[in-house]
file run.cif (mmCIF, C-alpha atoms)
data_structure
#
loop_
_atom_site.label_atom_id
_atom_site.label_comp_id
_atom_site.auth_asym_id
_atom_site.auth_seq_id
_atom_site.Cartn_x
_atom_site.Cartn_y
_atom_site.Cartn_z
CA MET F 1 -7.34 18.91 23.97
CA ASN F 2 -4.12 17.10 24.80
CA ASN F 3 -1.99 16.38 21.73
CA GLU F 4 -0.55 13.19 23.13
CA LEU F 5 -2.12 9.79 23.67
CA VAL F 6 1.15 8.38 25.02
CA SER F 7 4.58 9.84 25.83
CA HIS F 8 6.75 10.88 22.88
CA ASP F 9 9.32 8.15 23.61
CA THR F 10 6.59 5.51 23.72
CA TYR F 11 5.16 6.82 20.46
CA TRP F 12 8.49 6.63 18.63
CA TRP F 13 9.28 3.20 20.06
CA PHE F 14 5.85 2.03 18.89
CA ILE F 15 6.64 3.29 15.35
CA SER F 16 10.08 1.62 15.48
CA LEU F 17 8.81 -1.71 16.74
CA LEU F 18 5.89 -1.77 14.31
CA THR F 19 8.10 -0.83 11.36
CA GLY F 20 10.96 -3.15 12.32
CA GLY F 21 8.65 -6.02 13.15
CA VAL F 22 6.57 -5.80 9.99
CA ALA F 23 9.70 -5.28 7.86
CA THR F 24 11.37 -8.38 9.33
CA TYR F 25 8.21 -10.42 8.81
CA TRP F 26 8.05 -9.13 5.24
CA ILE F 27 11.62 -10.22 4.51
CA GLY F 28 10.78 -13.66 5.82
CA ILE F 29 7.43 -14.16 4.08
CA ASP F 30 8.61 -12.81 0.75
CA SER F 31 11.79 -14.91 0.88
CA TYR F 32 9.54 -17.95 1.29
CA ARG F 33 7.27 -16.78 -1.56
CA LEU F 34 10.30 -16.10 -3.76
CA LYS F 35 11.60 -19.60 -3.16
CA LYS F 36 8.20 -21.03 -4.10
CA ALA F 37 7.92 -18.87 -7.21
CA LEU F 38 11.45 -19.75 -8.39
CA ALA F 39 10.42 -23.40 -8.34
CA GLY F 40 7.65 -22.62 -10.85
CA ASP F 41 7.68 -22.18 -14.63
CA ARG F 42 9.64 -18.95 -15.15
CA ALA F 43 8.36 -18.68 -18.73
CA ASP F 44 4.90 -18.02 -17.27
CA PRO F 45 4.32 -14.24 -16.95
CA ALA F 46 2.26 -14.76 -13.80
CA ILE F 47 5.19 -16.59 -12.14
CA ARG F 48 7.61 -13.85 -13.25
CA ASP F 49 5.23 -11.30 -11.69
CA ARG F 50 5.33 -13.19 -8.40
CA ILE F 51 9.14 -13.37 -8.51
CA PHE F 52 9.41 -9.63 -9.14
CA GLY F 53 6.80 -8.88 -6.48
CA SER F 54 8.62 -10.98 -3.88
CA LEU F 55 11.94 -9.32 -4.73
CA VAL F 56 10.34 -5.90 -4.24
CA GLY F 57 8.85 -7.10 -0.97
CA ILE F 58 12.27 -8.24 0.30
CA VAL F 59 13.82 -4.90 -0.69
CA VAL F 60 11.02 -3.01 1.07
CA GLY F 61 11.63 -5.11 4.16
CA PHE F 62 15.32 -4.20 4.23
CA VAL F 63 14.42 -0.56 3.62
CA GLY F 64 12.22 -0.69 6.72
CA VAL F 65 14.86 -2.31 8.91
CA ALA F 66 17.52 0.11 7.67
CA GLY F 67 15.22 3.06 8.39
CA VAL F 68 14.69 1.96 11.98
CA LEU F 69 18.44 1.44 12.50
CA LEU F 70 19.12 4.84 10.92
CA HIS F 71 16.66 6.50 13.27
CA HIS F 72 18.17 4.95 16.38
CA SER F 73 21.72 5.62 15.29
CA ARG F 74 21.19 9.37 15.32
CA MET Q 75 -21.92 -13.42 -8.62
CA ALA Q 76 -22.14 -11.74 -5.20
CA SER Q 77 -23.81 -8.33 -4.90
CA ASN Q 78 -21.59 -5.24 -4.81
CA LEU Q 79 -23.46 -4.23 -1.62
CA ASN Q 80 -21.63 -6.56 0.73
CA PRO Q 81 -19.71 -6.47 4.03
CA ALA Q 82 -16.31 -6.29 2.35
CA ASN Q 83 -17.19 -3.24 0.27
CA ALA Q 84 -18.81 -1.65 3.33
CA ILE Q 85 -15.51 -2.02 5.19
CA THR Q 86 -13.66 -0.55 2.23
CA ALA Q 87 -16.07 2.40 2.13
CA SER Q 88 -15.68 2.99 5.89
CA ARG Q 89 -12.01 3.78 5.37
CA PHE Q 90 -13.01 7.10 3.84
CA LEU Q 91 -14.56 8.09 7.16
CA THR Q 92 -11.07 8.35 8.68
CA LEU Q 93 -10.00 11.06 6.26
CA PRO Q 94 -11.83 14.16 7.61
CA PRO Q 95 -10.71 13.57 11.22
CA PHE Q 96 -7.20 12.88 9.91
CA LEU Q 97 -7.15 16.29 8.21
CA TRP Q 98 -8.47 17.87 11.39
CA ALA Q 99 -5.75 16.19 13.47
CA VAL Q 100 -2.94 17.32 11.15
CA ASP Q 101 -4.35 20.83 10.97
CA HIS Q 102 -4.25 21.04 14.78
CA GLY Q 103 -0.80 19.48 15.07
CA TYR Q 104 -2.10 16.36 16.82
CA GLN Q 105 0.55 13.97 15.48
CA GLN Q 106 -0.42 10.95 17.52
CA TYR Q 107 -4.12 11.21 16.71
CA ALA Q 108 -3.26 11.51 13.02
CA THR Q 109 -1.08 8.40 13.26
CA LEU Q 110 -3.85 6.53 15.07
CA LEU Q 111 -6.38 7.36 12.34
CA LEU Q 112 -3.99 6.14 9.66
CA PHE Q 113 -3.47 2.98 11.66
CA VAL Q 114 -7.25 2.41 11.76
CA CYS Q 115 -7.46 2.98 8.00
CA GLY Q 116 -4.69 0.44 7.49
CA ILE Q 117 -6.36 -2.15 9.72
CA LEU Q 118 -9.63 -1.75 7.80
CA ASP Q 119 -7.63 -2.29 4.60
CA LEU Q 120 -6.54 -5.67 5.97
CA PHE Q 121 -10.07 -6.60 7.06
CA ASP Q 122 -11.88 -5.90 3.79
CA GLY Q 123 -9.97 -8.64 1.98
CA ALA Q 124 -10.50 -11.06 4.83
CA ALA Q 125 -14.23 -10.20 4.92
CA ALA Q 126 -14.51 -10.79 1.19
CA ARG Q 127 -13.06 -14.27 1.61
CA LEU Q 128 -15.06 -15.03 4.78
CA PHE Q 129 -18.42 -14.01 3.32
CA LYS Q 130 -17.55 -15.20 -0.19
CA CYS Q 131 -18.44 -11.80 -1.62
CA GLN Q 132 -15.45 -11.18 -3.85
CA THR Q 133 -16.46 -9.22 -6.96
CA PRO Q 134 -14.53 -7.47 -9.74
CA PHE Q 135 -16.04 -4.19 -8.52
CA GLY Q 136 -14.78 -4.92 -4.99
CA GLU Q 137 -11.24 -5.45 -6.23
CA MET Q 138 -11.34 -2.17 -8.16
CA PHE Q 139 -12.97 -0.37 -5.22
CA ASP Q 140 -10.24 -1.61 -2.87
CA ALA Q 141 -7.51 -0.38 -5.21
CA ILE Q 142 -9.23 3.00 -5.60
CA ALA Q 143 -9.67 3.30 -1.82
CA ASP Q 144 -5.96 2.55 -1.31
CA ALA Q 145 -4.96 5.25 -3.77
CA LEU Q 146 -7.37 7.83 -2.36
CA CYS Q 147 -6.80 7.19 1.35
CA TYR Q 148 -3.02 6.87 1.32
CA GLY Q 149 -2.68 9.53 -1.38
CA PHE Q 150 -4.81 11.93 0.66
CA ALA Q 151 -2.73 11.30 3.78
CA MET Q 152 0.47 11.87 1.88
CA VAL Q 153 -0.78 15.08 0.26
CA VAL Q 154 -2.03 16.45 3.59
CA VAL Q 155 1.24 15.87 5.49
CA THR Q 156 3.08 17.40 2.52
CA ALA Q 157 0.80 20.43 2.43
CA TYR Q 158 1.50 21.01 6.14
CA GLY Q 159 5.26 20.75 5.54
CA TRP Q 160 5.72 17.58 7.58
CA VAL Q 161 7.44 15.70 4.71
CA PRO Q 162 9.59 16.74 1.71
CA TRP Q 163 7.44 17.63 -1.32
CA PRO Q 164 9.60 16.56 -4.33
CA PRO Q 165 9.30 12.79 -3.77
CA VAL Q 166 5.58 13.22 -3.03
CA VAL Q 167 5.08 14.92 -6.41
CA ILE Q 168 6.82 11.96 -8.08
CA ILE Q 169 4.67 9.50 -6.14
CA VAL Q 170 1.36 11.26 -6.85
CA VAL Q 171 2.12 11.61 -10.56
CA LEU Q 172 3.10 7.94 -10.82
CA GLY Q 173 -0.01 6.99 -8.86
CA ALA Q 174 -2.16 8.82 -11.40
CA VAL Q 175 -0.29 7.12 -14.24
CA ASN Q 176 -0.89 3.78 -12.52
CA MET Q 177 -4.63 4.40 -12.35
CA ALA Q 178 -4.69 5.42 -16.00
CA LEU Q 179 -2.79 2.26 -16.95
CA ARG Q 180 -5.31 0.15 -15.03
CA ALA Q 181 -8.11 1.78 -16.99
CA ILE Q 182 -6.22 1.00 -20.21
CA TYR Q 183 -5.74 -2.58 -19.04
CA ALA Q 184 -9.45 -2.98 -18.30
CA LYS Q 185 -10.32 -1.55 -21.70
CA ARG Q 186 -7.88 -3.89 -23.43
CA ALA Q 187 -9.37 -6.79 -21.47
CA GLY Q 188 -12.93 -5.76 -22.40
CA ARG Q 189 -14.25 -6.42 -18.88
CA THR Q 190 -14.16 -5.02 -15.34
CA THR Q 191 -10.87 -6.32 -14.04
CA ASN Q 192 -7.98 -5.17 -11.89
CA TYR Q 193 -4.43 -5.93 -12.91
CA GLN Q 194 -2.88 -7.73 -9.98
CA SER Q 195 0.60 -6.33 -9.50
CA HIS Q 196 2.37 -8.27 -6.76
CA ALA Q 197 5.07 -5.61 -6.63
CA MET Q 198 2.60 -2.73 -6.38
CA GLU Q 199 0.82 -4.55 -3.53
CA ARG Q 200 4.06 -4.32 -1.57
CA LEU Q 201 4.40 -0.64 -2.41
CA VAL Q 202 0.82 0.07 -1.37
CA ALA Q 203 1.61 -1.38 2.05
CA TYR Q 204 4.77 0.75 2.16
CA ALA Q 205 2.66 3.76 1.11
CA ALA Q 206 0.38 3.16 4.08
CA TYR Q 207 3.43 3.55 6.28
CA LEU Q 208 4.51 6.75 4.54
CA GLY Q 209 1.60 8.63 6.05
CA GLY Q 210 2.55 7.28 9.46
CA PHE Q 211 6.20 8.25 9.01
CA GLY Q 212 4.97 11.69 7.99
CA THR Q 213 2.73 12.17 11.01
CA ALA Q 214 5.52 10.91 13.30
CA ARG Q 215 8.22 12.92 11.45
CA TYR Q 216 10.18 9.66 11.40
CA GLU Q 217 13.11 9.58 8.89
CA THR Q 218 10.85 11.18 6.31
CA GLU Q 219 13.59 12.13 3.83
CA TYR Q 220 14.91 8.57 3.73
CA PHE Q 221 11.59 6.74 3.51
CA TYR Q 222 10.00 9.10 0.99
CA TRP Q 223 12.90 9.24 -1.44
CA VAL Q 224 13.44 5.47 -1.34
CA PHE Q 225 9.74 4.91 -1.97
CA ALA Q 226 9.78 7.27 -4.97
CA ALA Q 227 12.74 5.38 -6.44
CA LEU Q 228 11.07 1.98 -5.91
CA MET Q 229 7.84 3.22 -7.43
CA ILE Q 230 9.67 4.29 -10.60
CA VAL Q 231 11.12 0.78 -10.93
CA VAL Q 232 7.79 -0.95 -10.31
CA MET Q 233 5.91 1.37 -12.65
CA LEU Q 234 8.36 0.60 -15.47
CA HIS Q 235 7.69 -3.09 -14.93
CA ASP Q 236 3.91 -2.73 -14.64
CA THR Q 237 3.63 -0.41 -17.64
CA LYS Q 238 5.00 -3.15 -19.85
CA ARG Q 239 2.63 -5.70 -18.32
CA MET Q 240 -0.50 -3.56 -18.46
CA ALA Q 241 -0.01 -1.67 -21.71
CA PHE Q 242 1.88 -4.07 -23.95
CA ASP Q 243 1.88 -7.70 -22.78
CA PRO Q 244 -0.95 -10.06 -23.81
CA ILE Q 245 -3.86 -10.16 -21.38
CA PRO Q 246 -4.84 -13.58 -20.03
CA SER Q 247 -8.42 -14.55 -20.79
CA ALA Q 248 -10.91 -14.88 -17.92
CA ALA Q 249 -11.67 -18.37 -16.59
CA PRO Q 250 -15.32 -19.60 -16.63
CA ARG Q 251 -17.28 -17.96 -13.78
CA SER Q 252 -17.75 -19.85 -10.54
CA ALA Q 253 -20.48 -19.11 -7.95
CA SER Q 254 -18.18 -16.84 -5.98
CA GLY Q 255 -16.48 -15.25 -8.99
CA GLY Q 256 -13.14 -15.87 -7.29
CA ALA Q 257 -11.75 -18.06 -10.05
CA ALA Q 258 -12.57 -15.43 -12.67
CA LEU Q 259 -10.76 -12.82 -10.64
CA GLU Q 260 -7.68 -15.02 -10.38
CA ALA Q 261 -7.58 -15.70 -14.11
CA ALA Q 262 -8.17 -12.05 -15.02
CA SER Q 263 -5.04 -11.07 -13.14
#

call {"tool": "encode", "arguments": {"input": "run.cif", "output": "C-alpha coordinates"}}
result
Amino acid sequence: MNNELVSHDTYWWFISLLTGGVATYWIGIDSYRLKKALAGDRADPAIRDRIFGSLVGIVVGFVGVAGVLLHHSR
Amino acid sequence: MASNLNPANAITASRFLTLPPFLWAVDHGYQQYATLLLFVCGILDLFDGAAARLFKCQTPFGEMFDAIADALCYGFAMVVVTAYGWVPWPPVVIIVVLGAVNMALRAIYAKRAGRTTNYQSHAMERLVAYAAYLGGFGTARYETEYFYWVFAALMIVVMLHDTKRMAFDPIPSAAPRSASGGAALEAAS
(Lines of atoms letter the chains of each structure in order from A and count residues from 1; the text may use other names and numbers.)
(Lines give C-alpha, C1' and ligand atoms only; values in the text may rest on other atoms or scores of the structure.)
Protein backbone atom coordinates (compact mmCIF):
# COMPACT_ATOMS: atom_id res chain seq x y z
CA MET A 1 0.00 0.00 0.00
CA ASN A 2 1.35 3.42 -0.92
CA ASN A 3 1.98 5.63 2.11
CA GLU A 4 1.20 8.84 0.28
CA LEU A 5 -2.09 10.27 -0.92
CA VAL A 6 -0.37 13.38 -2.29
CA SER A 7 3.26 14.50 -2.62
CA HIS A 8 5.08 15.43 0.59
CA ASP A 9 5.33 19.11 -0.43
CA THR A 10 1.60 19.24 -1.15
CA TYR A 11 0.88 17.59 2.19
CA TRP A 12 2.95 20.10 4.16
CA TRP A 13 1.53 23.05 2.23
CA PHE A 14 -1.96 21.73 2.97
CA ILE A 15 -1.11 21.62 6.71
CA SER A 16 0.37 25.14 6.51
CA LEU A 17 -2.55 26.66 4.64
CA LEU A 18 -5.13 24.96 6.85
CA THR A 19 -3.35 25.99 10.04
CA GLY A 20 -2.57 29.53 8.88
CA GLY A 21 -6.03 30.05 7.44
CA VAL A 22 -7.92 28.77 10.46
CA ALA A 23 -5.60 30.65 12.84
CA THR A 24 -6.14 33.93 10.97
CA TYR A 25 -9.90 33.38 10.94
CA TRP A 26 -9.74 32.62 14.66
CA ILE A 27 -7.91 35.87 15.42
CA GLY A 28 -10.57 37.75 13.50
CA ILE A 29 -13.65 36.04 14.92
CA ASP A 30 -12.42 36.10 18.50
CA SER A 31 -11.41 39.76 18.21
CA TYR A 32 -14.99 40.48 17.16
CA ARG A 33 -16.36 38.35 20.02
CA LEU A 34 -14.01 40.05 22.49
CA LYS A 35 -15.23 43.46 21.39
CA LYS A 36 -18.83 42.33 21.86
CA ALA A 37 -18.13 40.81 25.26
CA LEU A 38 -16.27 43.91 26.49
CA ALA A 39 -19.40 45.93 25.77
CA GLY A 40 -21.35 43.72 28.21
CA ASP A 41 -21.63 43.73 31.99
CA ARG A 42 -18.16 42.69 33.17
CA ALA A 43 -19.49 41.94 36.66
CA ASP A 44 -21.41 39.02 35.12
CA PRO A 45 -19.33 35.81 35.41
CA ALA A 46 -20.70 34.56 32.09
CA ILE A 47 -19.46 37.72 30.33
CA ARG A 48 -16.05 37.40 32.03
CA ASP A 49 -15.91 33.79 30.78
CA ARG A 50 -16.56 34.97 27.23
CA ILE A 51 -13.85 37.65 27.54
CA PHE A 52 -11.32 35.12 28.81
CA GLY A 53 -12.36 32.60 26.16
CA SER A 54 -11.95 35.15 23.36
CA LEU A 55 -8.54 36.20 24.68
CA VAL A 56 -7.43 32.56 24.67
CA GLY A 57 -8.80 32.18 21.16
CA ILE A 58 -6.80 35.19 19.93
CA VAL A 59 -3.64 33.83 21.56
CA VAL A 60 -4.22 30.42 19.98
CA GLY A 61 -4.64 32.12 16.62
CA PHE A 62 -1.29 33.90 16.93
CA VAL A 63 0.31 30.65 18.09
CA GLY A 64 -0.92 29.02 14.88
CA VAL A 65 0.33 31.80 12.62
CA ALA A 66 3.69 31.87 14.41
CA GLY A 67 4.01 28.10 14.05
CA VAL A 68 3.47 28.26 10.30
CA LEU A 69 6.00 31.09 9.93
CA LEU A 70 8.46 29.16 12.10
CA HIS A 71 8.09 26.10 9.92
CA HIS A 72 8.69 27.99 6.69
CA SER A 73 11.59 29.95 8.10
CA ARG A 74 13.65 26.81 8.66
CA MET B 1 -36.99 17.01 25.73
CA ALA B 2 -35.52 15.33 22.64
CA SER B 3 -34.50 11.66 22.81
CA ASN B 4 -30.82 10.85 23.37
CA LEU B 5 -31.06 8.58 20.30
CA ASN B 6 -30.84 11.33 17.70
CA PRO B 7 -28.84 12.26 14.59
CA ALA B 8 -26.45 14.54 16.48
CA ASN B 9 -25.46 11.87 18.99
CA ALA B 10 -25.14 9.35 16.15
CA ILE B 11 -22.64 11.66 14.45
CA THR B 12 -20.77 12.06 17.73
CA ALA B 13 -20.66 8.27 18.17
CA SER B 14 -19.40 7.78 14.60
CA ARG B 15 -16.24 9.68 15.46
CA PHE B 16 -15.06 6.69 17.47
CA LEU B 17 -15.05 4.64 14.27
CA THR B 18 -12.04 6.64 13.03
CA LEU B 19 -9.87 5.55 15.94
CA PRO B 20 -9.00 1.92 15.02
CA PRO B 21 -7.98 2.80 11.43
CA PHE B 22 -6.03 5.76 12.82
CA LEU B 23 -4.04 3.41 15.07
CA TRP B 24 -3.50 1.08 12.13
CA ALA B 25 -2.23 3.97 9.97
CA VAL B 26 0.22 5.20 12.61
CA ASP B 27 1.42 1.68 13.29
CA HIS B 28 2.24 1.26 9.58
CA GLY B 29 3.83 4.69 9.25
CA TYR B 30 1.11 6.00 6.92
CA GLN B 31 1.32 9.64 8.01
CA GLN B 32 -1.05 11.06 5.43
CA TYR B 33 -3.76 8.47 6.05
CA ALA B 34 -3.50 9.14 9.78
CA THR B 35 -3.86 12.87 9.15
CA LEU B 36 -6.85 12.26 6.89
CA LEU B 37 -8.62 10.19 9.56
CA LEU B 38 -8.06 12.91 12.14
CA PHE B 39 -9.42 15.43 9.67
CA VAL B 40 -12.59 13.33 9.24
CA CYS B 41 -12.96 13.08 13.02
CA GLY B 42 -12.64 16.85 13.27
CA ILE B 43 -15.21 17.47 10.54
CA LEU B 44 -17.69 15.16 12.29
CA ASP B 45 -17.04 17.17 15.48
CA LEU B 46 -18.22 20.28 13.62
CA PHE B 47 -21.28 18.52 12.19
CA ASP B 48 -22.69 17.08 15.41
CA GLY B 49 -23.33 20.53 16.84
CA ALA B 50 -24.85 21.72 13.60
CA ALA B 51 -27.05 18.60 13.42
CA ALA B 52 -28.23 19.17 16.98
CA ARG B 53 -29.35 22.68 16.07
CA LEU B 54 -30.82 21.64 12.71
CA PHE B 55 -32.89 18.77 14.10
CA LYS B 56 -33.57 20.53 17.41
CA CYS B 57 -32.25 17.54 19.33
CA GLN B 58 -29.97 19.26 21.81
CA THR B 59 -29.94 17.40 25.14
CA PRO B 60 -27.81 17.62 28.29
CA PHE B 61 -26.60 14.08 27.55
CA GLY B 62 -25.59 15.17 24.03
CA GLU B 63 -23.49 18.02 25.38
CA MET B 64 -21.74 15.69 27.82
CA PHE B 65 -21.32 13.02 25.13
CA ASP B 66 -19.72 15.55 22.77
CA ALA B 67 -17.26 16.66 25.45
CA ILE B 68 -16.41 13.04 26.30
CA ALA B 69 -15.94 12.21 22.60
CA ASP B 70 -13.59 15.20 22.20
CA ALA B 71 -11.48 14.07 25.14
CA LEU B 72 -11.37 10.42 24.04
CA CYS B 73 -10.78 10.97 20.31
CA TYR B 74 -8.18 13.72 20.53
CA GLY B 75 -6.63 12.21 23.64
CA PHE B 76 -6.33 8.84 21.91
CA ALA B 77 -4.70 10.42 18.86
CA MET B 78 -2.25 12.30 21.03
CA VAL B 79 -1.35 9.22 23.08
CA VAL B 80 -0.86 7.10 19.96
CA VAL B 81 1.49 9.54 18.20
CA THR B 82 3.39 9.89 21.49
CA ALA B 83 3.65 6.13 21.94
CA TYR B 84 5.13 5.85 18.44
CA GLY B 85 7.66 8.60 19.21
CA TRP B 86 6.26 11.09 16.70
CA VAL B 87 5.87 13.86 19.32
CA PRO B 88 7.67 14.78 22.58
CA TRP B 89 6.17 12.94 25.57
CA PRO B 90 6.61 15.43 28.49
CA PRO B 91 4.02 17.97 27.29
CA VAL B 92 1.65 15.12 26.40
CA VAL B 93 1.85 13.81 29.98
CA ILE B 94 0.96 17.30 31.24
CA ILE B 95 -1.93 17.53 28.78
CA VAL B 96 -3.36 14.08 29.57
CA VAL B 97 -3.15 14.64 33.32
CA LEU B 98 -4.85 18.04 33.03
CA GLY B 99 -7.47 16.50 30.74
CA ALA B 100 -8.28 13.93 33.42
CA VAL B 101 -8.44 16.68 36.05
CA ASN B 102 -10.79 18.61 33.76
CA MET B 103 -13.14 15.64 33.46
CA ALA B 104 -13.10 15.16 37.22
CA LEU B 105 -13.89 18.84 37.74
CA ARG B 106 -16.83 18.56 35.34
CA ALA B 107 -18.16 15.66 37.37
CA ILE B 108 -17.77 17.77 40.52
CA TYR B 109 -19.55 20.64 38.80
CA ALA B 110 -22.46 18.41 37.78
CA LYS B 111 -22.71 17.05 41.31
CA ARG B 112 -22.69 20.56 42.76
CA ALA B 113 -25.38 21.55 40.26
CA GLY B 114 -27.49 18.49 41.13
CA ARG B 115 -28.36 17.81 37.48
CA THR B 116 -26.82 16.53 34.24
CA THR B 117 -25.02 19.57 32.94
CA ASN B 118 -21.78 20.46 31.19
CA TYR B 119 -19.80 23.48 32.29
CA GLN B 120 -19.36 25.59 29.20
CA SER B 121 -15.78 26.83 29.18
CA HIS B 122 -15.29 29.22 26.27
CA ALA B 123 -11.54 29.03 26.75
CA MET B 124 -11.46 25.23 26.83
CA GLU B 125 -13.52 25.15 23.61
CA ARG B 126 -10.65 26.98 21.93
CA LEU B 127 -8.14 24.55 23.39
CA VAL B 128 -10.17 21.55 22.26
CA ALA B 129 -9.99 22.86 18.70
CA TYR B 130 -6.24 23.38 19.15
CA ALA B 131 -6.02 19.83 20.56
CA ALA B 132 -7.63 18.50 17.40
CA TYR B 133 -4.77 20.06 15.49
CA LEU B 134 -2.16 18.55 17.80
CA GLY B 135 -2.86 15.10 16.45
CA GLY B 136 -2.49 16.44 12.93
CA PHE B 137 0.78 18.19 13.76
CA GLY B 138 1.94 14.91 15.27
CA THR B 139 1.07 12.80 12.24
CA ALA B 140 2.68 15.40 9.94
CA ARG B 141 5.70 15.87 12.27
CA TYR B 142 5.03 19.59 11.89
CA GLU B 143 6.76 21.82 14.52
CA THR B 144 5.71 19.35 17.20
CA GLU B 145 7.97 20.68 19.96
CA TYR B 146 6.63 24.20 19.54
CA PHE B 147 2.94 23.37 19.25
CA TYR B 148 2.89 20.78 22.03
CA TRP B 149 4.75 22.81 24.61
CA VAL B 150 2.72 25.95 23.92
CA PHE B 151 -0.49 23.95 24.22
CA ALA B 152 0.60 22.49 27.57
CA ALA B 153 1.34 25.99 28.88
CA LEU B 154 -2.03 27.35 27.69
CA MET B 155 -3.86 24.41 29.19
CA ILE B 156 -2.31 25.11 32.60
CA VAL B 157 -3.56 28.69 32.42
CA VAL B 158 -7.06 27.71 31.32
CA MET B 159 -7.32 24.94 33.90
CA LEU B 160 -6.45 27.37 36.69
CA HIS B 161 -9.26 29.62 35.50
CA ASP B 162 -11.79 26.81 35.04
CA THR B 163 -10.96 25.15 38.36
CA LYS B 164 -12.07 28.28 40.16
CA ARG B 165 -15.25 28.47 38.08
CA MET B 166 -16.21 24.81 38.39
CA ALA B 167 -15.12 24.01 41.93
CA PHE B 168 -15.64 27.24 43.85
CA ASP B 169 -17.81 29.83 42.09
CA PRO B 170 -21.61 29.78 42.54
CA ILE B 171 -23.46 27.71 39.95
CA PRO B 172 -26.20 29.48 37.98
CA SER B 173 -29.61 27.88 38.35
CA ALA B 174 -31.22 26.22 35.32
CA ALA B 175 -33.84 28.19 33.38
CA PRO B 176 -37.36 26.67 32.98
CA ARG B 177 -37.30 23.90 30.33
CA SER B 178 -38.38 24.72 26.80
CA ALA B 179 -39.51 22.13 24.20
CA SER B 180 -36.02 21.81 22.79
CA GLY B 181 -34.19 22.03 26.12
CA GLY B 182 -31.85 24.56 24.55
CA ALA B 183 -32.68 27.34 26.98
CA ALA B 184 -31.99 25.07 29.96
CA LEU B 185 -28.62 24.17 28.51
CA GLU B 186 -27.72 27.83 28.07
CA ALA B 187 -28.68 28.72 31.64
CA ALA B 188 -26.88 25.70 33.10
CA SER B 189 -23.63 26.90 31.61

call {"tool": "closest_residue", "arguments": {"input": "run.cif", "among": "F:Leu18, F:Val68, F:Ala46, F:Ile51", "to": "Tyr32 (chain F)", "atoms": "only C-alpha atoms"}}
result
F:Ile51

call {"tool": "residues_around", "arguments": {"input": "run.cif", "residues": "Tyr25 (chain F)", "least_positions_apart": "4", "cutoff": "12 Å", "atoms": "all atoms listed in the file", "output": "list in words"}}
result
Leu17, Leu18, Thr19, Gly20, Gly21, Ile29, Asp30, Ser31, Tyr32, Gly57, Ile58, Val60, Gly61, Phe62, Gly64 and Val65 of chain F

call {"tool": "resolve_selection", "arguments": {"input": "run.cif", "expression": "the PyMOL selection byres ((chain F) within 8 of (chain Q))", "output": "list in words"}}
result
Asn3, Glu4, Leu5, Tyr11, Trp12, Ile15, Asp49, Arg50, Phe52, Gly53, Ser54, Val56, Gly57, Val60, Val63, Gly67, Leu70 and His71 of chain F

call {"tool": "atom_distance", "arguments": {"input": "run.cif", "atom1": "CA of Ala82 (chain Q)", "atom2": "CA of Ile245 (chain Q)"}}
result
27.1 Å

call {"tool": "atom_distance", "arguments": {"input": "run.cif", "atom1": "CA of Trp98 (chain Q)", "atom2": "CA of Asn83 (chain Q)"}}
result
25.4 Å

call {"tool": "residues_around", "arguments": {"input": "run.cif", "residues": "Pro164 (chain Q)", "least_positions_apart": "5", "cutoff": "10 Å", "atoms": "only C-alpha atoms", "output": "list in words"}}
result
Thr156, Ile169, Tyr222, Trp223 and Ala226 of chain Q

call {"tool": "resolve_selection", "arguments": {"input": "run.cif", "expression": "the PyMOL selection byres ((chain Q and resi 95) around 12)", "output": "short mmCIF file (atom, residue, chain, number, x, y, z; two decimals) with C-alpha atoms, keeping the file's coordinate frame"}}
result
data_model
loop_
_atom_site.label_atom_id
_atom_site.label_comp_id
_atom_site.auth_asym_id
_atom_site.auth_seq_id
_atom_site.Cartn_x
_atom_site.Cartn_y
_atom_site.Cartn_z
CA ARG Q 89 -12.01 3.78 5.37
CA PHE Q 90 -13.01 7.10 3.84
CA LEU Q 91 -14.56 8.09 7.16
CA THR Q 92 -11.07 8.35 8.68
CA LEU Q 93 -10.00 11.06 6.26
CA PRO Q 94 -11.83 14.16 7.61
CA PHE Q 96 -7.20 12.88 9.91
CA LEU Q 97 -7.15 16.29 8.21
CA TRP Q 98 -8.47 17.87 11.39
CA ALA Q 99 -5.75 16.19 13.47
CA VAL Q 100 -2.94 17.32 11.15
CA ASP Q 101 -4.35 20.83 10.97
CA HIS Q 102 -4.25 21.04 14.78
CA TYR Q 104 -2.10 16.36 16.82
CA TYR Q 107 -4.12 11.21 16.71
CA ALA Q 108 -3.26 11.51 13.02
CA THR Q 109 -1.08 8.40 13.26
CA LEU Q 110 -3.85 6.53 15.07
CA LEU Q 111 -6.38 7.36 12.34
CA LEU Q 112 -3.99 6.14 9.66
CA VAL Q 114 -7.25 2.41 11.76
CA CYS Q 115 -7.46 2.98 8.00
CA ALA Q 151 -2.73 11.30 3.78
CA VAL Q 154 -2.03 16.45 3.59
#

call {"tool": "axis_aligned_box", "arguments": {"input": "run.cif", "around": "region 2-19 of chain F", "padding_each_side": "3 Å", "output": "AutoDock Vina command-line options"}}
result
--center_x 3.0 --center_y 7.7 --center_z 18.6 --size_x 20.2 --size_y 24.9 --size_z 20.5

call {"tool": "resolve_selection", "arguments": {"input": "run.cif", "expression": "the PyMOL selection byres ((chain Q and resi 171) around 12)", "output": "PyMOL selection string"}}
result
chain Q and resi 145+149+153+164-170+172-178+226+229-230+233

call {"tool": "atom_distance", "arguments": {"input": "run.cif", "atom1": "CA of Met152 (chain Q)", "atom2": "CA of Ala205 (chain Q)"}}
result
8.4 Å
